[in-house]
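*Asks:* Have a look at this one before I ask anything.
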Amino acid sequence: MKKFGLLLFSALVAFSISAQEVQNVSHGTVYLKNKGSDNWYIGLGGGTNLYMTKGENDAGANFGDRLGWMGQIEIGRWNSPNWGARVVIDAGHIKHVVTGLNPEQNWGGAHLDLLYNVTNAWGSYNPDRVYSLVPYLGIGYMYGLDADWKKPNPNNSFFKSQNQTLTYNVGLINNFQLSKSVALFLELGWRAFQETFDGSGLGGDFEYDSMFTGTAGIKFGLGGKQDFTPAELMDYNLINDLNSQINRLRAENEKLRLRPESCPDCPEVKPTVVTEGVYVPNVVFFRINSAKIDKGQQVSVYNTAEYLKSNPNAKVNIVAYADKQTGTPAYNFALSEKRARAVADALTNEYGISSSRISIDWKGDTEQPYAENDWNRVAIFFVD
């Protein structure tokens with residue numbers, strides 16, 4: 001058990017030191033790295049504890065007579081939507097009912113815990129979510145005191161003949177978020193520790209005793225940012241397409257550079273007249289989980305606006321989609337609506353196209369216009 005405690009402590013320290021260097025990833029989404037001063041919180045709570053030994057359980061006392069009280073203060077930080085760590089300082093009062101022990105015992109201690117947000121890790125991150133379930137695992141220390149909060153053996157030094165022990169802690173935290181900076185919590189915990197902590201000596205059937213704890217309280221953000229921002233990653237297919245265009249232009253420039261400075265006169269070529277009624281379909285591609293029009297996609301909106309200005313009787317219908325492999329059908333349906341409205345607003349607000357000439361529609365992921373999944377994060381212009 002001591003080797004396990006040392007290993008757990010080393011893991012917690014290593015996590016705290018390296019957390020700032022780890023890329024934030026939750027449920028396949030990459031999040032921007034926050035500042036070191038962000039995502040810190042402080043919590044205050046109080047509740048009860050129940051001392052668990054074979055002797056206590058066999059004493060036949062009423063459940064209420066065995067409950068003591070406790071309080072705690074904690075400081076912690078979330079390093080990503082899934083992982084965090086905290087330090088808890090706590091103290092309390094134990095009621096013993098077994099014969100041969102002092103009926104009243106006080107204690108103080110602290111523990112370092114690793115936090116894991118199950119709701120974010122197994123679902124999806126939502127900064128406005130009210131409820132989250134957070135299991136924790138940690139290691140700590142407890143020091144026993146008498147009923148007057150004094151050392152039980154005052155004539156000895158701190159580490160000799162005193163009621164003290166390492167603790168191994170696990171539990172569940174139920175978080176209820178009131179705002180980004182304020183939350184209520186209900187915590188249920190269990191800790192194991194050396195059997196001699198209560199002064200009973202090395203007897204009985206178990207080398208380790210345990211204690212159940214239940215606390216409730218409130219947490220406050222300690223300034224700084226209290227949530228995480230998804231990184232807007234460029235679509236790889238779009239990047240490859242842009243790189244291909246760049247390479248093509250470079251090759252054309254190289255050919256032009258090799259042309260002689262003077263060349264014979266060429267016959268005059270009459271310009272080709274393009275009929276105003278000809279419209280080349282335009283599309284606007286979007287990044288994953290986004291309805292923002294990137295600068296590289298603005299040209300499609302511009303070309304459509306220019307066509308509409310040159311053809312006063314023409315109208316455009318904008319149909320937006322979402323890819324089927326990301327998100328739920330309900331979410332994708334709402335996202336495609338945002339994309340359609342974003343493109344329509346760009347035509348109206350940036351290029352002065354009357355809203356009476358624009359209609360919109362959205363399909364979510366019910367229709368996929370392209371075989372390539374990533375291409376279906378798109379809005380398509382249909383001109384009448």
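As shown in the structure tokens, the chain order sets the letters A, B, ...; within each chain, residues go from 1, and ligands are also counted from 1 in the order they appear.
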Name all residues at most 8 Å from segment 132-144 of chain A (count only C-alpha atoms; drop same-chain ones fewer than 2 positions away) and give them as a VMD selection string.
*Replies:* chain A and resid 5 8 to 9 12 105 to 120 129 to 130 146 151 to 152 162 to 176 197 to 198
*Asks:* At a cut-off of 8 Å, using only C-alpha atoms, what residues contact segment 65-72 of chain A? Leave out same-chain residues fewer than 5 positions from it and give the result as a count of residues only.
*Replies:* 19
*Asks:* If you count only C-alpha atoms, which residues fall within 10 Å of Ser355 of chain A, apart from same-chain ones fewer than 2 positions away, as a list in words?
*Replies:*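 Final neighbour list, sorted by chain and number: Lys315, Val316, Ala344, Asp345, Leu347, Thr348, Asn349, Gly352, Ile353, Arg357, Ile358 and Ser359 of chain A.
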*Asks:* Show which residues sit within 7 Å of Leu32 of chain A, as a PDB file with all heavy atoms, in the first residue's frame. Count only C-alpha atoms, and ignore same-chain residues fewer than 2 positions away.
*Replies:*
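around_19.pdb written:
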```pdb
ATOM      1  N   ASN A  24      -4.798  20.437 -25.213  1.00  0.00           N
ATOM      2  CA  ASN A  24      -6.134  20.160 -24.713  1.00  0.00           C
ATOM      3  C   ASN A  24      -6.966  19.484 -25.789  1.00  0.00           C
ATOM      4  O   ASN A  24      -7.268  20.070 -26.808  1.00  0.00           O
ATOM      5  CB  ASN A  24      -6.824  21.468 -24.276  1.00  0.00           C
ATOM      6  CG  ASN A  24      -6.202  22.039 -23.020  1.00  0.00           C
ATOM      7  OD1 ASN A  24      -5.598  21.309 -22.257  1.00  0.00           O
ATOM      8  ND2 ASN A  24      -6.348  23.329 -22.817  1.00  0.00           N
ATOM      9  N   VAL A  30      -9.924  19.711 -30.442  1.00  0.00           N
ATOM     10  CA  VAL A  30      -8.743  20.369 -29.891  1.00  0.00           C
ATOM     11  C   VAL A  30      -9.149  21.736 -29.358  1.00  0.00           C
ATOM     12  O   VAL A  30      -9.881  22.478 -30.010  1.00  0.00           O
ATOM     13  CB  VAL A  30      -7.654  20.521 -30.972  1.00  0.00           C
ATOM     14  CG1 VAL A  30      -6.434  21.236 -30.400  1.00  0.00           C
ATOM     15  CG2 VAL A  30      -7.259  19.163 -31.527  1.00  0.00           C
ATOM     16  N   ASN A  34      -5.062  27.559 -22.545  1.00  0.00           N
ATOM     17  CA  ASN A  34      -5.354  28.720 -21.714  1.00  0.00           C
ATOM     18  C   ASN A  34      -4.104  29.194 -20.977  1.00  0.00           C
ATOM     19  O   ASN A  34      -3.097  28.487 -20.885  1.00  0.00           O
ATOM     20  CB  ASN A  34      -6.449  28.385 -20.701  1.00  0.00           C
ATOM     21  CG  ASN A  34      -7.817  28.306 -21.344  1.00  0.00           C
ATOM     22  OD1 ASN A  34      -7.985  28.700 -22.493  1.00  0.00           O
ATOM     23  ND2 ASN A  34      -8.788  27.787 -20.619  1.00  0.00           N
ATOM     24  N   PHE A 228     -13.140  26.729 -21.868  1.00  0.00           N
ATOM     25  CA  PHE A 228     -12.170  26.377 -22.902  1.00  0.00           C
ATOM     26  C   PHE A 228     -12.751  26.695 -24.277  1.00  0.00           C
ATOM     27  O   PHE A 228     -13.962  26.536 -24.497  1.00  0.00           O
ATOM     28  CB  PHE A 228     -11.816  24.893 -22.810  1.00  0.00           C
ATOM     29  CG  PHE A 228     -11.106  24.532 -21.536  1.00  0.00           C
ATOM     30  CD1 PHE A 228     -11.837  24.137 -20.421  1.00  0.00           C
ATOM     31  CD2 PHE A 228      -9.733  24.597 -21.444  1.00  0.00           C
ATOM     32  CE1 PHE A 228     -11.204  23.807 -19.239  1.00  0.00           C
ATOM     33  CE2 PHE A 228      -9.084  24.272 -20.261  1.00  0.00           C
ATOM     34  CZ  PHE A 228      -9.817  23.872 -19.158  1.00  0.00           C
ATOM     35  N   THR A 229     -11.899  27.154 -25.199  1.00  0.00           N
ATOM     36  CA  THR A 229     -12.330  27.579 -26.525  1.00  0.00           C
ATOM     37  C   THR A 229     -11.857  26.576 -27.577  1.00  0.00           C
ATOM     38  O   THR A 229     -10.660  26.291 -27.662  1.00  0.00           O
ATOM     39  CB  THR A 229     -11.750  28.965 -26.862  1.00  0.00           C
ATOM     40  OG1 THR A 229     -12.142  29.897 -25.845  1.00  0.00           O
ATOM     41  CG2 THR A 229     -12.250  29.430 -28.216  1.00  0.00           C
ATOM     42  N   PRO A 230     -12.787  26.013 -28.371  1.00  0.00           N
ATOM     43  CA  PRO A 230     -12.364  25.087 -29.434  1.00  0.00           C
ATOM     44  C   PRO A 230     -11.481  25.805 -30.450  1.00  0.00           C
ATOM     45  O   PRO A 230     -11.732  26.954 -30.815  1.00  0.00           O
ATOM     46  CB  PRO A 230     -13.695  24.640 -30.060  1.00  0.00           C
ATOM     47  CG  PRO A 230     -14.743  24.938 -29.031  1.00  0.00           C
ATOM     48  CD  PRO A 230     -14.250  26.147 -28.299  1.00  0.00           C
ATOM     49  N   ALA A 231     -10.432  25.125 -30.874  1.00  0.00           N
ATOM     50  CA  ALA A 231      -9.558  25.675 -31.915  1.00  0.00           C
ATOM     51  C   ALA A 231     -10.246  25.543 -33.264  1.00  0.00           C
ATOM     52  O   ALA A 231     -10.830  24.507 -33.573  1.00  0.00           O
ATOM     53  CB  ALA A 231      -8.224  24.944 -31.926  1.00  0.00           C
TER      54      ALA A 231
END
```
*Asks:* Contacts of segment 338-341 of chain A at 12 Å or less, counting only C-alpha atoms, minus same-chain residues fewer than 5 places along, as a PyMOL selection string?
*Replies:* chain A and resi 283-294+301+316-322+331-333+346-349+355+358-364+376-381
*Asks:* Report the distance between atom CA of Asp384 of chain A and atom CA of Asn311 of chain A in Å, rounded to one decimal place.
*Replies:*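 According to the coordinates, atom CA of Asp384 of chain A and atom CA of Asn311 of chain A are separated by 10.5 Å.
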